[in-house]
Amino acid sequence: EWIDLTEIARSAVRKMEWRVKEKGLNLQANYGSDIPLIRGDGLRMEQIFINMLDNAVRYTESGDVTVSLHSDANQVTMTIEDTGIGIPEDELPFLFDRFYRVEKSRSRQYGGTGLGLSIAKKLIDLQGGEIHVSSTTGVGTRFDICFPLSGSQEEDYEEG
Ligand code: ATP
Ligand code: MG
């Protein structure tokens with residue numbers, strides 16, 4: 001299936017808009033021009049974006065949630081950035097583990113089950129993509145998710 005990540009990102013953002021408004025956050029979207037179509041599963045892709053946006057909104061008390069898409073010769077990259085509570089550096093290696101949640105006290109405050117990122121990671125792997133995180137406590141968090149434009153992805157990919 002050929003999919004349009006710009007369209008999928010727009011749809012995911014639309015679904016989050018009411019929560020963003022409710023929290024008084026500022027949602028910025030920068031969709032690069034001429035993002036090429038890639039091979040993938042549209043529903044899985046939207047689930048990834050929704051899980052990432054859900055976190056960005058949930059763990060941000062004020063400021064911005066920024067979504068951007070850009071492409072180069074080899075890949076399309078989706079970036080989700082927030083000005084939220086951040087993640088301590090020593091917890092980053094465990095972030096994509098099932099049921100992993102940062103700090104017990106924080107978990108009580110924010111709810112959640114600790115599955116969102118492990119599911120997103122699995123769906124990204126299935127589509128030949130990669131996810132990278134960088135974060136500073138009290139400043140914010142940035143996730144970059146990239147998908148290759150061509151290559152082994154097509155052999156690895158199984159229809160849905
Ligand atoms: P679920 O997504 O299943 O409802 P969850 O949000 O706790 O629950 P994950 O999405 O897997 O689980 O995230 C794991 C942990 O990583 C969270 O508990 C949270 O502490 C931390 N985290 C994830 N995204 C962010 C973010 N954007 N800013 C700060 N902390 C984050
Ligand atoms: Mg989550």
# chains A, B, ... in the order shown; residues from 1 in each chain; ligands from 1
>>> closest_atom_pairs(of="chain A", to="ligand 2", cutoff="6 Å", atoms="only C-alpha atoms and all ligand atoms", output="JSON lines")
{"residue": "A:Asn51", "atom": "CA", "partner": "ligand 2", "partner_atom_place_in_ligand_line": "1 (Mg)", "distance": 6.0}
{"residue": "A:Asn55", "atom": "CA", "partner": "ligand 2", "partner_atom_place_in_ligand_line": "1 (Mg)", "distance": 4.7}
{"residue": "A:Gly116", "atom": "CA", "partner": "ligand 2", "partner_atom_place_in_ligand_line": "1 (Mg)", "distance": 4.2}
>>> write_last_selection(atoms="C-alpha atoms", output="CSV table (one decimal), in the first residue's frame")
chain,number,residue,atom,x,y,z
A,51,ASN,CA,0.3,7.3,20.4
A,55,ASN,CA,2.1,11.4,25.0
A,116,GLY,CA,1.8,3.3,24.0
>>> residues_near_ligand(ligand="ligand 1", cutoff="9 Å", atoms="only C-alpha atoms and all ligand atoms", output="PyMOL selection string")
chain A and resi 51-60+80-88+91-92+94-104+106-107+110-120+135+137+140-143
>>> write_last_selection(atoms="N, CA and C atoms", output="compact mmCIF listing (two decimals), in the first residue's frame")
# COMPACT_ATOMS: atom_id res chain seq x y z
N ASN A 51 -0.36 7.63 19.11
CA ASN A 51 0.32 7.30 20.38
C ASN A 51 1.36 8.35 20.75
N MET A 52 2.10 8.83 19.76
CA MET A 52 3.14 9.82 20.03
C MET A 52 2.53 11.16 20.44
N LEU A 53 1.47 11.55 19.74
CA LEU A 53 0.82 12.82 20.07
C LEU A 53 0.13 12.75 21.43
N ASP A 54 -0.45 11.60 21.73
CA ASP A 54 -1.09 11.40 23.02
C ASP A 54 -0.09 11.67 24.15
N ASN A 55 1.12 11.14 24.01
CA ASN A 55 2.15 11.39 25.02
C ASN A 55 2.54 12.86 25.06
N ALA A 56 2.79 13.43 23.90
CA ALA A 56 3.25 14.82 23.86
C ALA A 56 2.25 15.73 24.58
N VAL A 57 0.96 15.47 24.36
CA VAL A 57 -0.07 16.30 24.99
C VAL A 57 -0.20 15.97 26.48
N ARG A 58 -0.18 14.68 26.79
CA ARG A 58 -0.38 14.28 28.19
C ARG A 58 0.75 14.77 29.10
N TYR A 59 1.98 14.71 28.59
CA TYR A 59 3.12 15.05 29.45
C TYR A 59 3.62 16.47 29.26
N THR A 60 2.74 17.34 28.75
CA THR A 60 3.09 18.75 28.58
C THR A 60 2.05 19.61 29.28
N ILE A 80 8.06 14.72 16.48
CA ILE A 80 7.06 15.18 17.45
C ILE A 80 7.84 15.75 18.63
N GLU A 81 7.65 17.02 18.86
CA GLU A 81 8.43 17.72 19.87
C GLU A 81 7.48 18.39 20.86
N ASP A 82 7.84 18.37 22.14
CA ASP A 82 7.00 19.07 23.11
C ASP A 82 7.86 19.83 24.11
N THR A 83 7.20 20.73 24.83
CA THR A 83 7.88 21.51 25.87
C THR A 83 7.39 21.05 27.24
N GLY A 84 7.32 19.73 27.38
CA GLY A 84 6.74 19.14 28.57
C GLY A 84 7.73 18.80 29.67
N ILE A 85 7.34 17.82 30.51
CA ILE A 85 8.10 17.51 31.71
C ILE A 85 9.42 16.79 31.42
N GLY A 86 9.55 16.22 30.21
CA GLY A 86 10.79 15.55 29.86
C GLY A 86 10.95 14.19 30.52
N ILE A 87 12.04 13.52 30.17
CA ILE A 87 12.31 12.16 30.65
C ILE A 87 13.76 12.12 31.14
N PRO A 88 13.99 11.65 32.38
CA PRO A 88 15.38 11.57 32.86
C PRO A 88 16.22 10.68 31.95
N GLU A 91 16.46 6.88 32.21
CA GLU A 91 15.26 6.07 31.90
C GLU A 91 15.08 5.86 30.40
N LEU A 92 15.79 6.62 29.59
CA LEU A 92 15.59 6.55 28.14
C LEU A 92 15.79 5.14 27.55
N PHE A 94 14.92 2.35 28.57
CA PHE A 94 13.81 1.43 28.86
C PHE A 94 12.48 1.92 28.29
N LEU A 95 12.52 3.06 27.67
CA LEU A 95 11.30 3.77 27.28
C LEU A 95 10.36 2.95 26.41
N PHE A 96 10.94 2.09 25.54
CA PHE A 96 10.10 1.36 24.58
C PHE A 96 9.75 -0.04 25.08
N ASP A 97 10.10 -0.36 26.33
CA ASP A 97 9.74 -1.66 26.91
C ASP A 97 8.25 -1.67 27.27
N ARG A 98 7.65 -2.83 27.15
CA ARG A 98 6.23 -2.95 27.52
C ARG A 98 6.04 -2.63 28.99
N PHE A 99 4.99 -1.90 29.28
CA PHE A 99 4.58 -1.53 30.64
C PHE A 99 5.57 -0.64 31.36
N TYR A 100 6.60 -0.14 30.63
CA TYR A 100 7.56 0.73 31.32
C TYR A 100 6.98 2.12 31.48
N ARG A 101 7.05 2.63 32.71
CA ARG A 101 6.56 3.97 32.97
C ARG A 101 7.63 4.70 33.79
N VAL A 102 7.82 5.97 33.47
CA VAL A 102 8.87 6.74 34.13
C VAL A 102 8.39 7.19 35.51
N GLU A 103 9.14 6.91 36.54
CA GLU A 103 8.88 7.39 37.90
C GLU A 103 7.48 7.03 38.42
N LYS A 104 7.43 6.36 39.55
CA LYS A 104 6.14 5.93 40.09
C LYS A 104 5.21 7.10 40.41
N ARG A 106 5.05 10.06 39.15
CA ARG A 106 4.56 10.65 37.91
C ARG A 106 3.46 9.78 37.31
N SER A 107 3.63 8.46 37.39
CA SER A 107 2.65 7.55 36.82
C SER A 107 1.29 7.71 37.49
N TYR A 110 -0.30 10.96 36.11
CA TYR A 110 -0.70 11.08 34.71
C TYR A 110 -1.51 9.90 34.17
N GLY A 111 -1.62 8.82 34.92
CA GLY A 111 -2.37 7.67 34.41
C GLY A 111 -1.62 6.99 33.29
N GLY A 112 -2.31 6.12 32.55
CA GLY A 112 -1.66 5.42 31.44
C GLY A 112 -1.19 4.04 31.86
N THR A 113 -0.91 3.19 30.88
CA THR A 113 -0.56 1.81 31.18
C THR A 113 0.88 1.46 30.82
N GLY A 114 1.55 2.35 30.12
CA GLY A 114 2.93 2.05 29.73
C GLY A 114 3.04 1.21 28.48
N LEU A 115 2.00 1.22 27.65
CA LEU A 115 2.03 0.42 26.43
C LEU A 115 2.20 1.24 25.15
N GLY A 116 1.84 2.52 25.22
CA GLY A 116 1.79 3.35 24.00
C GLY A 116 3.07 3.32 23.19
N LEU A 117 4.21 3.51 23.85
CA LEU A 117 5.48 3.57 23.11
C LEU A 117 5.94 2.20 22.64
N SER A 118 5.64 1.14 23.43
CA SER A 118 6.07 -0.19 22.98
C SER A 118 5.27 -0.60 21.74
N ILE A 119 4.01 -0.23 21.71
CA ILE A 119 3.18 -0.52 20.52
C ILE A 119 3.70 0.29 19.33
N ALA A 120 3.95 1.58 19.56
CA ALA A 120 4.45 2.43 18.47
C ALA A 120 5.75 1.86 17.91
N SER A 135 15.67 14.00 25.15
CA SER A 135 14.81 14.65 26.13
C SER A 135 15.64 15.31 27.22
N THR A 137 14.89 16.80 31.16
CA THR A 137 13.91 16.95 32.22
C THR A 137 13.55 18.42 32.42
N GLY A 140 11.72 19.44 27.78
CA GLY A 140 10.89 18.86 26.74
C GLY A 140 11.50 17.63 26.11
N THR A 141 10.74 17.08 25.18
CA THR A 141 11.08 15.80 24.57
C THR A 141 10.90 15.88 23.07
N ARG A 142 11.76 15.16 22.36
CA ARG A 142 11.67 15.12 20.91
C ARG A 142 11.83 13.68 20.43
N PHE A 143 10.88 13.25 19.63
CA PHE A 143 10.96 11.93 18.98
C PHE A 143 11.09 12.14 17.48
>>> select_by_dssp(residues="stretch 2-151 of chain A", states="strand (DSSP E)", output="short mmCIF file (atom, residue, chain, number, x, y, z; two decimals) with N, CA and C atoms, in the first residue's frame")
data_model
loop_
_atom_site.label_atom_id
_atom_site.label_comp_id
_atom_site.auth_asym_id
_atom_site.auth_seq_id
_atom_site.Cartn_x
_atom_site.Cartn_y
_atom_site.Cartn_z
N TRP A 2 0.63 2.15 -0.94
CA TRP A 2 1.34 3.42 -0.94
C TRP A 2 0.58 4.41 -0.07
N ILE A 3 1.28 5.05 0.84
CA ILE A 3 0.58 5.94 1.77
C ILE A 3 1.20 7.33 1.78
N ASN A 26 -0.31 24.93 22.53
CA ASN A 26 -0.21 25.47 21.19
C ASN A 26 0.29 24.37 20.26
N LEU A 27 -0.55 23.95 19.34
CA LEU A 27 -0.16 22.87 18.42
C LEU A 27 0.32 23.45 17.10
N GLN A 28 1.57 23.15 16.77
CA GLN A 28 2.15 23.64 15.53
C GLN A 28 2.35 22.46 14.60
N ALA A 29 2.01 22.62 13.34
CA ALA A 29 2.25 21.56 12.38
C ALA A 29 3.00 22.14 11.18
N ASN A 30 4.14 21.55 10.89
CA ASN A 30 4.93 21.95 9.72
C ASN A 30 5.05 20.75 8.80
N TYR A 31 4.21 20.72 7.80
CA TYR A 31 4.30 19.63 6.84
C TYR A 31 5.15 20.11 5.68
N ILE A 38 5.21 6.64 0.63
CA ILE A 38 6.05 5.50 1.00
C ILE A 38 5.18 4.24 1.06
N ARG A 39 5.84 3.09 1.11
CA ARG A 39 5.12 1.84 1.29
C ARG A 39 4.86 1.67 2.78
N ASP A 64 4.26 24.31 23.72
CA ASP A 64 4.00 23.85 22.35
C ASP A 64 4.15 22.35 22.17
N VAL A 65 3.30 21.83 21.31
CA VAL A 65 3.50 20.51 20.74
C VAL A 65 3.68 20.74 19.24
N THR A 66 4.81 20.31 18.72
CA THR A 66 5.12 20.59 17.32
C THR A 66 5.28 19.28 16.54
N VAL A 67 4.57 19.21 15.44
CA VAL A 67 4.65 18.04 14.56
C VAL A 67 5.26 18.50 13.26
N SER A 68 6.29 17.82 12.79
CA SER A 68 6.79 18.19 11.47
C SER A 68 7.18 16.97 10.66
N LEU A 69 7.09 17.15 9.37
CA LEU A 69 7.44 16.10 8.41
C LEU A 69 8.45 16.68 7.46
N HIS A 70 9.52 15.93 7.22
CA HIS A 70 10.40 16.34 6.14
C HIS A 70 11.03 15.11 5.49
N SER A 71 11.53 15.29 4.29
CA SER A 71 12.10 14.15 3.58
C SER A 71 13.43 14.55 2.96
N GLN A 75 14.89 9.06 3.08
CA GLN A 75 13.86 8.75 4.06
C GLN A 75 12.90 9.91 4.31
N VAL A 76 11.77 9.55 4.93
CA VAL A 76 10.83 10.56 5.40
C VAL A 76 10.90 10.54 6.93
N THR A 77 10.99 11.71 7.53
CA THR A 77 11.10 11.80 8.98
C THR A 77 9.93 12.60 9.55
N MET A 78 9.34 12.02 10.59
CA MET A 78 8.27 12.68 11.32
C MET A 78 8.83 13.04 12.69
N THR A 79 8.72 14.29 13.08
CA THR A 79 9.24 14.72 14.37
C THR A 79 8.09 15.21 15.24
N ILE A 80 8.06 14.72 16.48
CA ILE A 80 7.06 15.18 17.45
C ILE A 80 7.84 15.75 18.63
N GLU A 81 7.65 17.02 18.86
CA GLU A 81 8.43 17.72 19.87
C GLU A 81 7.48 18.39 20.86
N ASP A 82 7.84 18.37 22.14
CA ASP A 82 7.00 19.07 23.11
C ASP A 82 7.86 19.83 24.11
N GLU A 130 12.58 3.58 12.01
CA GLU A 130 13.38 3.74 13.24
C GLU A 130 12.81 4.88 14.06
N ILE A 131 12.98 4.77 15.39
CA ILE A 131 12.56 5.86 16.26
C ILE A 131 13.71 6.26 17.17
N HIS A 132 13.91 7.55 17.34
CA HIS A 132 14.96 8.08 18.20
C HIS A 132 14.35 9.10 19.14
N VAL A 133 14.87 9.14 20.36
CA VAL A 133 14.34 10.08 21.33
C VAL A 133 15.47 10.92 21.92
N SER A 134 15.18 12.17 22.17
CA SER A 134 16.09 12.97 22.99
C SER A 134 15.22 13.81 23.92
N SER A 135 15.67 14.00 25.15
CA SER A 135 14.81 14.65 26.13
C SER A 135 15.64 15.31 27.22
N THR A 136 15.11 16.39 27.75
CA THR A 136 15.73 17.04 28.89
C THR A 136 14.64 17.29 29.93
N GLY A 140 11.72 19.44 27.78
CA GLY A 140 10.89 18.86 26.74
C GLY A 140 11.50 17.63 26.11
N THR A 141 10.74 17.08 25.18
CA THR A 141 11.08 15.80 24.57
C THR A 141 10.90 15.88 23.07
N ARG A 142 11.76 15.16 22.36
CA ARG A 142 11.67 15.12 20.91
C ARG A 142 11.83 13.68 20.43
N PHE A 143 10.88 13.25 19.63
CA PHE A 143 10.96 11.93 18.98
C PHE A 143 11.09 12.14 17.48
N ASP A 144 12.04 11.44 16.87
CA ASP A 144 12.17 11.43 15.41
C ASP A 144 11.88 10.02 14.93
N ILE A 145 10.95 9.92 14.00
CA ILE A 145 10.59 8.61 13.45
C ILE A 145 10.86 8.66 11.96
N CYS A 146 11.72 7.76 11.47
CA CYS A 146 11.99 7.82 10.03
C CYS A 146 11.70 6.51 9.34
N PHE A 147 11.26 6.64 8.11
CA PHE A 147 10.93 5.51 7.26
C PHE A 147 11.71 5.62 5.97
N PRO A 148 12.31 4.52 5.54
CA PRO A 148 13.09 4.56 4.30
C PRO A 148 12.20 4.74 3.08
#
>>> closest_residue(among="A:Glu89, A:Glu7, A:Asp41, A:Glu46", to="A:Leu126", atoms="only C-alpha atoms")
A:Asp41
>>> closest_residue(among="A:Gly24, A:Gly128, A:Pro36, A:Gly42", to="A:Ser11", atoms="only C-alpha atoms")
A:Gly42
>>> select_by_dssp(residues="chain A", states="alpha helix (DSSP H)", output="short mmCIF file (atom, residue, chain, number, x, y, z; two decimals) with C-alpha atoms, in the first residue's frame")
data_model
loop_
_atom_site.label_atom_id
_atom_site.label_comp_id
_atom_site.auth_asym_id
_atom_site.auth_seq_id
_atom_site.Cartn_x
_atom_site.Cartn_y
_atom_site.Cartn_z
CA LEU A 5 2.26 10.54 5.52
CA THR A 6 1.14 14.17 5.28
CA GLU A 7 -2.47 13.12 5.01
CA ILE A 8 -2.07 10.64 7.87
CA ALA A 9 -0.34 13.20 10.10
CA ARG A 10 -3.13 15.72 9.40
CA SER A 11 -5.75 13.16 10.36
CA ALA A 12 -3.93 12.24 13.60
CA VAL A 13 -3.49 15.91 14.49
CA ARG A 14 -7.18 16.59 13.85
CA LYS A 15 -8.12 13.84 16.31
CA MET A 16 -5.96 15.43 19.03
CA GLU A 17 -7.11 19.01 18.53
CA TRP A 18 -9.78 19.08 21.22
CA ARG A 19 -7.36 17.78 23.86
CA VAL A 20 -4.76 20.32 22.84
CA LYS A 21 -7.35 23.10 23.20
CA GLU A 22 -8.62 21.73 26.49
CA LYS A 23 -5.07 21.91 27.91
CA GLY A 42 -1.99 3.63 6.75
CA LEU A 43 -3.86 2.46 9.83
CA ARG A 44 -0.71 1.35 11.62
CA MET A 45 0.94 4.61 10.69
CA GLU A 46 -1.91 6.67 12.12
CA GLN A 47 -1.81 4.60 15.32
CA ILE A 48 1.89 5.45 15.69
CA PHE A 49 1.23 9.17 15.28
CA ILE A 50 -1.69 9.11 17.69
CA ASN A 51 0.32 7.30 20.38
CA MET A 52 3.14 9.82 20.03
CA LEU A 53 0.82 12.82 20.07
CA ASP A 54 -1.09 11.40 23.02
CA ASN A 55 2.15 11.39 25.02
CA ALA A 56 3.25 14.82 23.86
CA VAL A 57 -0.07 16.30 24.99
CA ARG A 58 -0.38 14.28 28.19
CA LYS A 104 6.14 5.93 40.09
CA SER A 105 4.88 9.27 41.42
CA ARG A 106 4.56 10.65 37.91
CA SER A 107 2.65 7.55 36.82
CA ARG A 108 0.05 8.09 39.51
CA GLN A 109 -0.37 11.69 38.44
CA TYR A 110 -0.70 11.08 34.71
CA GLY A 116 1.79 3.35 24.00
CA LEU A 117 5.48 3.57 23.11
CA SER A 118 6.07 -0.19 22.98
CA ILE A 119 3.18 -0.52 20.52
CA ALA A 120 4.45 2.43 18.47
CA LYS A 121 7.94 0.91 18.38
CA LYS A 122 6.58 -2.44 17.21
CA LEU A 123 4.53 -0.83 14.44
CA ILE A 124 7.55 1.23 13.36
CA ASP A 125 9.75 -1.90 13.24
CA LEU A 126 7.14 -3.75 11.18
CA GLN A 153 11.58 -2.38 3.47
CA GLU A 154 9.60 -3.87 0.58
CA GLU A 155 10.95 -7.38 1.18
CA ASP A 156 10.39 -7.16 4.93
#
>>> atom_distance(atom1="atom CA of A:Gly129", atom2="atom CA of A:Leu37")
14.4 Å
>>> atom_distance(atom1="atom CA of A:Gly63", atom2="atom CA of A:Gly32")
22.3 Å
